[in-house]
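The structure file protein.cif is reproduced below (mmCIF, C-alpha atoms).
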```cif
data_start
loop_
_atom_site.label_atom_id
_atom_site.label_comp_id
_atom_site.auth_asym_id
_atom_site.auth_seq_id
_atom_site.Cartn_x
_atom_site.Cartn_y
_atom_site.Cartn_z
CA MET A 1 0.00 0.00 0.00
CA ILE A 2 1.24 3.48 -0.86
CA SER A 3 1.70 5.54 2.30
CA THR A 4 -0.17 8.77 2.99
CA ARG A 5 2.95 10.89 2.60
CA HIS A 6 3.73 9.27 -0.77
CA ASP A 7 0.16 9.92 -1.88
CA VAL A 8 0.57 13.56 -0.83
CA PHE A 9 3.84 13.74 -2.78
CA MET A 10 2.19 12.43 -5.96
CA THR A 11 -0.65 14.93 -5.65
CA VAL A 12 1.74 17.85 -5.19
CA ALA A 13 3.82 16.65 -8.16
CA GLN A 14 0.76 16.31 -10.39
CA GLN A 15 -0.80 19.60 -9.29
CA LYS A 16 2.57 21.40 -9.28
CA SER A 17 1.36 23.34 -6.28
CA PHE A 18 1.17 22.86 -2.52
CA SER A 19 -2.01 24.94 -2.27
CA LYS A 20 -3.78 23.06 -5.08
CA ALA A 21 -2.76 19.73 -3.54
CA SER A 22 -4.22 20.97 -0.25
CA GLN A 23 -7.55 21.64 -1.97
CA VAL A 24 -7.57 18.27 -3.76
CA LEU A 25 -6.73 16.27 -0.63
CA TYR A 26 -8.79 18.40 1.81
CA ILE A 27 -5.91 18.82 4.24
CA SER A 28 -4.13 21.99 5.33
CA GLN A 29 -1.15 23.39 3.46
CA PRO A 30 1.11 23.13 6.55
CA ALA A 31 0.21 19.41 6.72
CA ILE A 32 1.17 19.05 3.04
CA SER A 33 4.52 20.71 3.72
CA LYS A 34 5.09 18.46 6.74
CA HIS A 35 4.57 15.30 4.66
CA ILE A 36 6.97 16.50 1.95
CA LYS A 37 9.60 17.51 4.50
CA SER A 38 9.31 14.06 6.10
CA LEU A 39 9.93 12.37 2.74
CA GLU A 40 12.89 14.62 1.95
CA GLU A 41 14.43 13.74 5.31
CA TYR A 42 13.80 10.05 4.69
CA TYR A 43 15.42 10.08 1.22
CA LYS A 44 18.04 12.63 2.34
CA THR A 45 17.48 14.78 -0.73
CA LYS A 46 15.26 17.55 -2.03
CA LEU A 47 12.24 16.40 -4.02
CA PHE A 48 11.06 19.82 -5.19
CA ASP A 49 12.75 23.02 -6.27
CA ARG A 50 10.72 25.94 -4.99
CA LYS A 51 10.78 29.06 -7.19
CA GLY A 52 8.45 31.57 -5.57
CA MET A 53 4.90 30.33 -6.12
CA LEU A 54 6.11 27.70 -8.60
CA ILE A 55 7.57 24.29 -7.81
CA GLU A 56 9.35 21.76 -10.00
CA LEU A 57 10.46 18.20 -9.36
CA THR A 58 14.15 17.64 -8.80
CA ALA A 59 15.88 14.72 -10.52
CA ALA A 60 15.25 12.64 -7.39
CA GLY A 61 11.61 13.77 -7.33
CA LYS A 62 11.11 12.66 -10.93
CA ILE A 63 12.50 9.20 -10.15
CA LEU A 64 10.28 8.87 -7.09
CA LEU A 65 7.16 9.95 -8.98
CA GLU A 66 7.86 7.48 -11.80
CA LYS A 67 8.28 4.59 -9.36
CA LEU A 68 5.23 5.52 -7.28
CA LEU A 69 3.00 5.70 -10.37
CA GLU A 70 4.19 2.21 -11.30
CA VAL A 71 3.46 0.93 -7.79
CA LYS A 72 0.01 2.54 -7.81
CA ARG A 73 -0.82 0.93 -11.14
CA ILE A 74 0.22 -2.50 -9.86
CA GLU A 75 -1.72 -1.93 -6.64
CA GLU A 76 -4.89 -1.11 -8.60
CA GLN A 77 -4.42 -4.17 -10.82
CA ALA A 78 -3.97 -6.41 -7.80
CA GLU A 79 -7.14 -5.06 -6.17
CA PHE A 80 -9.19 -5.90 -9.28
CA ASP A 81 -7.59 -9.31 -9.85
CA ILE A 82 -8.04 -10.46 -6.25
CA SER A 83 -11.56 -9.09 -5.83
CA THR A 84 -12.81 -10.95 -8.94
CA LEU A 85 -11.71 -14.38 -7.73
CA LYS A 86 -14.97 -15.18 -5.93
CA ASP A 87 -17.60 -12.89 -7.46
CA VAL A 88 -17.45 -10.53 -10.45
CA LEU A 89 -20.08 -8.30 -8.85
CA GLN A 90 -17.67 -7.70 -5.97
CA ALA A 91 -14.83 -6.67 -8.28
CA LYS A 92 -13.10 -3.48 -7.16
CA GLY A 93 -10.79 -1.23 -9.11
CA PHE A 94 -10.31 2.08 -10.85
CA LEU A 95 -10.83 2.31 -14.60
CA LYS A 96 -8.88 5.38 -15.77
CA LEU A 97 -10.05 5.89 -19.31
CA GLY A 98 -9.51 8.53 -21.97
CA ALA A 99 -11.50 8.93 -25.17
CA SER A 100 -11.47 11.26 -28.14
CA SER A 101 -14.48 13.55 -28.51
CA THR A 102 -16.51 11.44 -30.94
CA VAL A 103 -15.95 8.26 -28.94
CA ALA A 104 -16.79 9.94 -25.64
CA LEU A 105 -20.04 11.41 -26.94
CA TYR A 106 -21.44 8.76 -29.28
CA ILE A 107 -19.76 5.40 -28.58
CA LEU A 108 -18.62 5.29 -24.97
CA PRO A 109 -21.92 5.86 -23.08
CA LYS A 110 -23.37 2.50 -24.09
CA ILE A 111 -20.14 0.72 -23.13
CA LEU A 112 -19.77 2.43 -19.76
CA SER A 113 -23.40 1.76 -18.87
CA ALA A 114 -22.99 -1.96 -19.51
CA PHE A 115 -19.59 -2.04 -17.79
CA ASN A 116 -20.99 -0.34 -14.70
CA GLN A 117 -23.84 -2.85 -14.47
CA HIS A 118 -21.38 -5.75 -14.76
CA TYR A 119 -18.79 -4.26 -12.38
CA PRO A 120 -20.79 -1.96 -10.05
CA LEU A 121 -17.96 -1.47 -7.54
CA VAL A 122 -15.35 -0.39 -10.10
CA ASN A 123 -14.80 3.38 -10.10
CA ILE A 124 -14.72 4.93 -13.57
CA ASN A 125 -12.90 8.14 -14.45
CA SER A 126 -13.24 9.23 -18.08
CA LEU A 127 -11.19 11.97 -19.74
CA ASN A 128 -12.62 13.59 -22.91
CA ARG A 129 -9.96 15.19 -25.15
CA ASN A 130 -8.90 15.07 -28.79
CA SER A 131 -6.79 12.10 -29.88
CA GLU A 132 -3.47 13.90 -29.55
CA LEU A 133 -4.15 14.91 -25.95
CA ILE A 134 -5.38 11.41 -25.04
CA ILE A 135 -1.99 10.03 -26.10
CA ASP A 136 -0.28 12.65 -23.94
CA ALA A 137 -2.46 11.68 -20.96
CA LEU A 138 -1.63 8.00 -21.51
CA LEU A 139 2.12 8.64 -21.61
CA ASN A 140 1.85 10.87 -18.53
CA GLN A 141 0.02 8.01 -16.76
CA ASP A 142 -3.06 10.16 -16.14
CA ILE A 143 -5.05 7.33 -17.78
CA ASN A 144 -4.36 3.61 -18.26
CA ILE A 145 -6.36 2.99 -21.44
CA GLY A 146 -7.72 5.17 -24.21
CA ILE A 147 -9.82 5.02 -27.35
CA ILE A 148 -8.62 7.30 -30.12
CA GLU A 149 -9.03 7.96 -33.83
CA GLY A 150 -6.12 6.94 -36.03
CA LYS A 151 -2.57 5.88 -35.23
CA VAL A 152 0.41 7.93 -34.19
CA LYS A 153 3.75 6.18 -34.62
CA LEU A 154 4.98 5.90 -31.04
CA ASN A 155 7.12 3.08 -29.66
CA GLN A 156 5.66 3.54 -26.16
CA VAL A 157 2.08 2.77 -27.22
CA ASP A 158 0.26 -0.46 -28.15
CA TYR A 159 -2.69 -0.18 -30.55
CA GLN A 160 -5.63 -2.58 -30.88
CA SER A 161 -8.29 -2.13 -33.58
CA PHE A 162 -11.83 -1.36 -32.44
CA LEU A 163 -14.28 0.28 -34.88
CA THR A 164 -14.41 1.92 -38.29
CA ASP A 165 -16.47 5.04 -38.95
CA ASN A 166 -17.12 7.36 -41.89
CA VAL A 167 -16.53 11.10 -41.97
CA ILE A 168 -18.96 12.91 -44.25
CA ALA A 169 -19.34 16.42 -45.65
CA VAL A 170 -22.41 18.27 -44.34
CA CYS A 171 -23.95 21.72 -44.34
CA SER A 172 -27.12 23.33 -43.08
CA SER A 173 -30.15 22.33 -45.09
CA LYS A 174 -30.72 26.09 -45.55
CA SER A 175 -27.24 26.67 -46.98
CA PRO A 176 -26.89 27.38 -50.72
CA ILE A 177 -24.41 24.49 -50.80
CA ALA A 178 -27.27 22.07 -50.01
CA LYS A 179 -28.98 22.86 -53.31
CA LYS A 180 -26.70 20.29 -54.94
CA LYS A 181 -25.85 16.85 -53.59
CA TYR A 182 -22.83 16.11 -55.77
CA TYR A 183 -19.74 18.23 -56.39
CA THR A 184 -16.24 17.83 -57.78
CA LEU A 185 -13.17 18.19 -55.58
CA LYS A 186 -12.36 21.42 -57.43
CA ASP A 187 -15.59 22.83 -56.01
CA LEU A 188 -14.42 22.04 -52.47
CA VAL A 189 -11.46 24.41 -52.83
CA THR A 190 -13.83 27.35 -53.42
CA MET A 191 -16.26 26.67 -50.56
CA PRO A 192 -16.22 28.39 -47.13
CA LEU A 193 -15.27 25.72 -44.60
CA ALA A 194 -15.56 25.17 -40.85
CA PHE A 195 -13.24 22.51 -39.39
CA ARG A 196 -12.31 20.87 -36.09
CA GLU A 197 -9.26 22.04 -34.16
CA ARG A 198 -5.77 20.80 -34.93
CA GLY A 199 -5.05 17.50 -33.21
CA SER A 200 -8.53 16.03 -33.78
CA GLY A 201 -8.81 12.57 -35.34
CA THR A 202 -11.57 13.77 -37.67
CA LEU A 203 -9.31 16.46 -39.10
CA THR A 204 -6.44 14.01 -39.53
CA ALA A 205 -8.68 11.57 -41.44
CA LEU A 206 -9.86 14.39 -43.71
CA LYS A 207 -6.31 15.61 -44.31
CA ASN A 208 -5.13 12.12 -45.29
CA ALA A 209 -8.06 11.62 -47.69
CA LEU A 210 -7.46 14.99 -49.35
CA GLU A 211 -3.73 14.33 -49.74
CA LYS A 212 -4.55 11.13 -51.65
CA ASN A 213 -6.38 13.41 -54.08
CA LYS A 214 -3.41 15.83 -54.15
CA ILE A 215 -5.21 18.56 -52.21
CA LYS A 216 -3.45 20.30 -49.34
CA MET A 217 -5.17 21.85 -46.36
CA SER A 218 -3.55 25.14 -47.36
CA ASP A 219 -5.49 24.98 -50.64
CA LEU A 220 -8.80 25.23 -48.78
CA ASP A 221 -10.76 28.29 -47.65
CA ILE A 222 -10.97 27.50 -43.93
CA LYS A 223 -12.94 30.27 -42.26
CA VAL A 224 -13.56 28.77 -38.79
CA ARG A 225 -11.93 26.21 -36.49
CA LEU A 226 -13.90 24.90 -33.52
CA GLY A 227 -12.96 22.60 -30.66
CA GLY A 228 -15.24 19.58 -30.37
CA THR A 229 -17.76 17.76 -32.51
CA GLU A 230 -20.82 19.33 -30.89
CA SER A 231 -19.50 22.87 -31.36
CA LEU A 232 -18.84 22.29 -35.03
CA LYS A 233 -22.17 20.54 -35.57
CA ASN A 234 -24.19 23.33 -33.96
CA PHE A 235 -22.23 25.98 -35.86
CA LEU A 236 -22.87 24.29 -39.21
CA ILE A 237 -26.61 24.10 -38.52
CA GLU A 238 -26.68 27.90 -38.13
CA SER A 239 -24.21 28.87 -40.87
CA ASP A 240 -23.85 28.61 -44.65
CA MET A 241 -20.48 26.85 -44.40
CA LEU A 242 -19.50 23.28 -45.15
CA GLY A 243 -17.83 20.97 -42.64
CA PHE A 244 -16.83 17.37 -42.12
CA LEU A 245 -18.24 15.36 -39.22
CA PRO A 246 -18.32 11.72 -38.08
CA GLN A 247 -21.42 10.00 -39.43
CA ARG A 248 -22.23 8.61 -35.98
CA SER A 249 -22.44 12.12 -34.56
CA ILE A 250 -25.11 13.49 -36.91
CA ILE A 251 -27.63 10.69 -37.41
CA LYS A 252 -30.49 12.66 -35.82
CA GLU A 253 -29.60 15.94 -37.55
CA LEU A 254 -29.67 14.23 -40.94
CA GLN A 255 -32.89 12.42 -40.08
CA TYR A 256 -34.67 15.60 -38.99
CA GLY A 257 -33.36 17.65 -41.91
CA GLU A 258 -31.20 20.10 -39.94
CA LEU A 259 -28.11 19.04 -41.89
CA SER A 260 -27.69 17.78 -45.44
CA GLU A 261 -24.98 15.44 -46.68
CA VAL A 262 -22.91 16.58 -49.64
CA HIS A 263 -20.85 14.23 -51.80
CA PHE A 264 -17.54 14.98 -53.48
CA GLU A 265 -16.40 12.83 -56.37
CA GLY A 266 -13.52 10.57 -55.38
CA LEU A 267 -13.52 11.60 -51.70
CA ASP A 268 -14.06 8.69 -49.31
CA ILE A 269 -13.10 9.34 -45.70
CA GLN A 270 -12.90 6.46 -43.27
CA ARG A 271 -11.21 6.53 -39.91
CA ASN A 272 -10.35 3.77 -37.50
CA PHE A 273 -10.76 3.80 -33.74
CA TYR A 274 -8.15 2.06 -31.62
CA PHE A 275 -7.74 1.02 -28.01
CA VAL A 276 -4.40 2.41 -26.80
CA GLN A 277 -2.34 1.30 -23.83
CA ARG A 278 1.22 1.85 -22.71
CA LYS A 279 3.60 -0.68 -24.24
CA GLY A 280 3.70 -3.91 -22.26
CA GLU A 281 0.75 -3.01 -20.01
CA ASN A 282 -2.56 -4.85 -20.34
CA SER A 283 -4.25 -5.36 -16.99
CA ASP A 284 -7.21 -7.69 -16.45
CA LEU A 285 -9.36 -4.60 -15.83
CA ASN A 286 -8.40 -3.14 -19.21
CA LYS A 287 -8.96 -6.52 -20.85
CA SER A 288 -12.44 -6.72 -19.33
CA PHE A 289 -13.28 -3.24 -20.60
CA ILE A 290 -12.05 -4.05 -24.13
CA LYS A 291 -13.96 -7.33 -24.18
CA MET A 292 -17.16 -5.54 -23.10
CA ALA A 293 -16.73 -2.87 -25.79
CA GLN A 294 -16.13 -5.47 -28.51
CA LYS A 295 -19.19 -7.47 -27.44
CA ILE A 296 -21.49 -4.43 -27.51
CA TYR A 297 -20.38 -3.37 -30.98
CA ASN A 298 -20.05 -6.93 -32.34
CA VAL A 299 -16.37 -6.67 -33.26
#
```

What would you get if you wrote out this structure as structure tokens?
Amino acid sequence: MISTRHDVFMTVAQQKSFSKASQVLYISQPAISKHIKSLEEYYKTKLFDRKGMLIELTAAGKILLEKLLEVKRIEEQAEFDISTLKDVLQAKGFLKLGASSTVALYILPKILSAFNQHYPLVNINSLNRNSELIIDALLNQDINIGIIEGKVKLNQVDYQSFLTDNVIAVCSSKSPIAKKKYYTLKDLVTMPLAFRERGSGTLTALKNALEKNKIKMSDLDIKVRLGGTESLKNFLIESDMLGFLPQRSIIKELQYGELSEVHFEGLDIQRNFYFVQRKGENSDLNKSFIKMAQKIYNV
């Protein structure tokens, strides 16, 4: 078991602040300082460099944090593995999950609902960011498993295929663009466009598809960039611009006529969703989550 003072140390390191750690842990700042001083005396070295209101980990502090995160991960795995021996319903653990925006909004709810019913005592913490930031969170050990769009070539990450989805061009049904259903790719270059923010899996899939047709992002008339699928969807409904969205995210809007799909000759955009974990790590809790997700979506 990780000691209280080590837990305090990890919180201070992650929050990069004694006062913020105090708020997170609900203990006084002097008590925080006392725990850190006790650890520094025990290890006979400084763990933090204090620069006014800012603090940074020393070389020793970085080593200690790395080792404690590893211990905490093993501790959580052991709790789940042992608690499932007699009764799955009594399984305990902490599922630290990250998902890209589309997954978090349109795919994950069904999985988490079923997972919670099957493992009611497992705590679930879900982080919703774009794919690039989910990878960062995974490498920083803020999460233990993620679901992202597309692959990034990183030696520290294991990828496992999950689902395939389409990205389609849409505009408001009131937009002049909606008067036609079929366009050439040359037409796309002249249209006012609204896109997701840099780092999103949807944007990466679009960029790759356009490059296959020898069109660069710099060739396009991008007027607006918005963070998140919902923001872009709601903007497109109210504007005359064209955008690209995951098909799963706009089923109702297409059905009710708020958005219209537009086709471009030769442009087919598919993207793949992957489970991501740190290289060499695949706990029974993560395996159970993956198995549940695959069962629900028949993959």

query: Can you list what the PyMOL selection byres ((chain A and resi 13) around 10) grabs from this structure, as number ranges by chain?
result: A: 7-12, 14-18, 21, 47-48, 55-57, 61-62, 65

Under the rule of at most 12 Å, produce a per-residue listing of segment 120-168 of chain A near segment 231-252 of chain A: chain, number, name, the closest pair of atoms, and the distance in Å, as a tab-separated table, using only C-alpha atoms.
```
residue	atom	partner	partner_atom	distance
A:Glu149	CA	A:Pro246	CA	10.9
A:Leu163	CA	A:Arg248	CA	11.6
A:Thr164	CA	A:Arg248	CA	10.5
A:Asp165	CA	A:Pro246	CA	7.0
A:Asn166	CA	A:Gln247	CA	5.6
A:Val167	CA	A:Pro246	CA	4.3
A:Ile168	CA	A:Phe244	CA	5.4
```

Mind telling me what the PyMOL selection byres ((chain A and resi 215-224) around 12) catches here, as a JSON list (two decimals) with C-alpha atoms, in the frame of the given file?
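Result saved to selection.json:
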```
[["chain", "number", "residue", "atom", "x", "y", "z"],
["A", 185, "LEU", "CA", -13.17, 18.19, -55.58],
["A", 186, "LYS", "CA", -12.36, 21.42, -57.43],
["A", 187, "ASP", "CA", -15.59, 22.83, -56.01],
["A", 188, "LEU", "CA", -14.42, 22.04, -52.47],
["A", 189, "VAL", "CA", -11.46, 24.41, -52.83],
["A", 190, "THR", "CA", -13.83, 27.35, -53.42],
["A", 191, "MET", "CA", -16.26, 26.67, -50.56],
["A", 192, "PRO", "CA", -16.22, 28.39, -47.13],
["A", 193, "LEU", "CA", -15.27, 25.72, -44.60],
["A", 194, "ALA", "CA", -15.56, 25.17, -40.85],
["A", 195, "PHE", "CA", -13.24, 22.51, -39.39],
["A", 196, "ARG", "CA", -12.31, 20.87, -36.09],
["A", 197, "GLU", "CA", -9.26, 22.04, -34.16],
["A", 198, "ARG", "CA", -5.77, 20.80, -34.93],
["A", 203, "LEU", "CA", -9.31, 16.46, -39.10],
["A", 204, "THR", "CA", -6.44, 14.01, -39.53],
["A", 205, "ALA", "CA", -8.68, 11.57, -41.44],
["A", 206, "LEU", "CA", -9.86, 14.39, -43.71],
["A", 207, "LYS", "CA", -6.31, 15.61, -44.31],
["A", 208, "ASN", "CA", -5.13, 12.12, -45.29],
["A", 209, "ALA", "CA", -8.06, 11.62, -47.69],
["A", 210, "LEU", "CA", -7.46, 14.99, -49.35],
["A", 211, "GLU", "CA", -3.73, 14.33, -49.74],
["A", 212, "LYS", "CA", -4.55, 11.13, -51.65],
["A", 213, "ASN", "CA", -6.38, 13.41, -54.08],
["A", 214, "LYS", "CA", -3.41, 15.83, -54.15],
["A", 225, "ARG", "CA", -11.93, 26.21, -36.49],
["A", 226, "LEU", "CA", -13.90, 24.90, -33.52],
["A", 227, "GLY", "CA", -12.96, 22.60, -30.66],
["A", 231, "SER", "CA", -19.50, 22.87, -31.36],
["A", 232, "LEU", "CA", -18.84, 22.29, -35.03],
["A", 235, "PHE", "CA", -22.23, 25.98, -35.86],
["A", 236, "LEU", "CA", -22.87, 24.29, -39.21],
["A", 239, "SER", "CA", -24.21, 28.87, -40.87],
["A", 240, "ASP", "CA", -23.85, 28.61, -44.65],
["A", 241, "MET", "CA", -20.48, 26.85, -44.40],
["A", 242, "LEU", "CA", -19.50, 23.28, -45.15],
["A", 243, "GLY", "CA", -17.83, 20.97, -42.64],
["A", 244, "PHE", "CA", -16.83, 17.37, -42.12],
["A", 266, "GLY", "CA", -13.52, 10.57, -55.38],
["A", 267, "LEU", "CA", -13.52, 11.60, -51.70]]
```

- prompt: In Å, how far is it from atom CA of Asn144 of chain A to atom CA of Asp49 of chain A?
  reply: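 Those two atoms sit 28.5 Å apart.
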
message: Give me the residues near Gly146 of chain A as a PyMOL selection string, where near means some atom within 12 Å (using all atoms listed in the file) and where sequence neighbours in that chain fewer than 2 positions away do not count.
response: chain A and resi 95-101+103-104+108+125-139+141-144+148-149+157-162+273-278+282+286+289-290

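Among A:Thr202, A:Ser3, A:Thr229, A:Gln77, the residue with the shortest atom-to-atom distance to Lys287 of chain A, counting all atoms listed in the file, is A:Gln77.
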
query: Given the file above and the PyMOL selection byres ((chain A and resi 285) around 12), which residues are selected, and can you give them as a VMD selection string?
result: chain A and resid 73 to 74 76 to 84 88 91 to 97 115 119 122 to 124 144 to 145 281 to 284 286 to 292

Please give the centre and size of the box around segment 276-293 of chain A (axis-aligned, containing every atom listed in the file, 3 Å added per side), with values in Å to one decimal and written as lines of an AutoDock Vina configuration file.
```
center_x = -6.7
center_y = -2.6
center_z = -21.3
size_x = 26.9
size_y = 16.1
size_z = 17.0
```

Separation of atom CA of Gln294 of chain A from atom CA of Lys151 of chain A, in Å and rounded to one decimal: 18.9 Å

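Going from atom CA of Tyr297 of chain A over to atom CA of Gly150 of chain A, you cover 18.3 Å.
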
field: Nearest to Ala31 of chain A by atom-to-atom distance, counting only C-alpha atoms, from A:Glu253, A:Val262, A:Asp268, A:Ser19
entry: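 Counting only C-alpha atoms, the residue closest to Ala31 of chain A is A:Ser19.
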
- prompt: Of the candidates A:Lys279, A:His6, A:Lys174, A:Arg271, which shows the shortest atom-to-atom distance to Lys72 of chain A, using all atoms listed in the file?
  reply: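 Counting all atoms listed in the file, the residue closest to Lys72 of chain A is A:His6.
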
message: Given all atoms listed in the file as the basis, pick out the residue of A:Ser172, A:Ala293, A:Asn140, A:Glu230 nearest to Leu259 of chain A.
response: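 Of A:Ser172, A:Ala293, A:Asn140, A:Glu230, the one nearest Leu259 of chain A is A:Ser172, counting all atoms listed in the file.
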
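Here the question is which of A:Lys20, A:Lys110, A:Lys180, A:Lys34 gets nearest to Arg5 of chain A using only C-alpha atoms, and that residue is A:Lys34.
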
- request: Can you work out which one of A:Ile36, A:Met1, A:Leu154, A:Ile107 has the shortest atom-to-atom distance to Val71 of chain A, counting only C-alpha atoms?
  value: A:Met1

- prompt: If you count only C-alpha atoms, which residues fall within 6 Å of Phe264 of chain A, apart from same-chain ones fewer than 5 positions away, as a PyMOL selection string?
  reply: chain A and resi 182-185
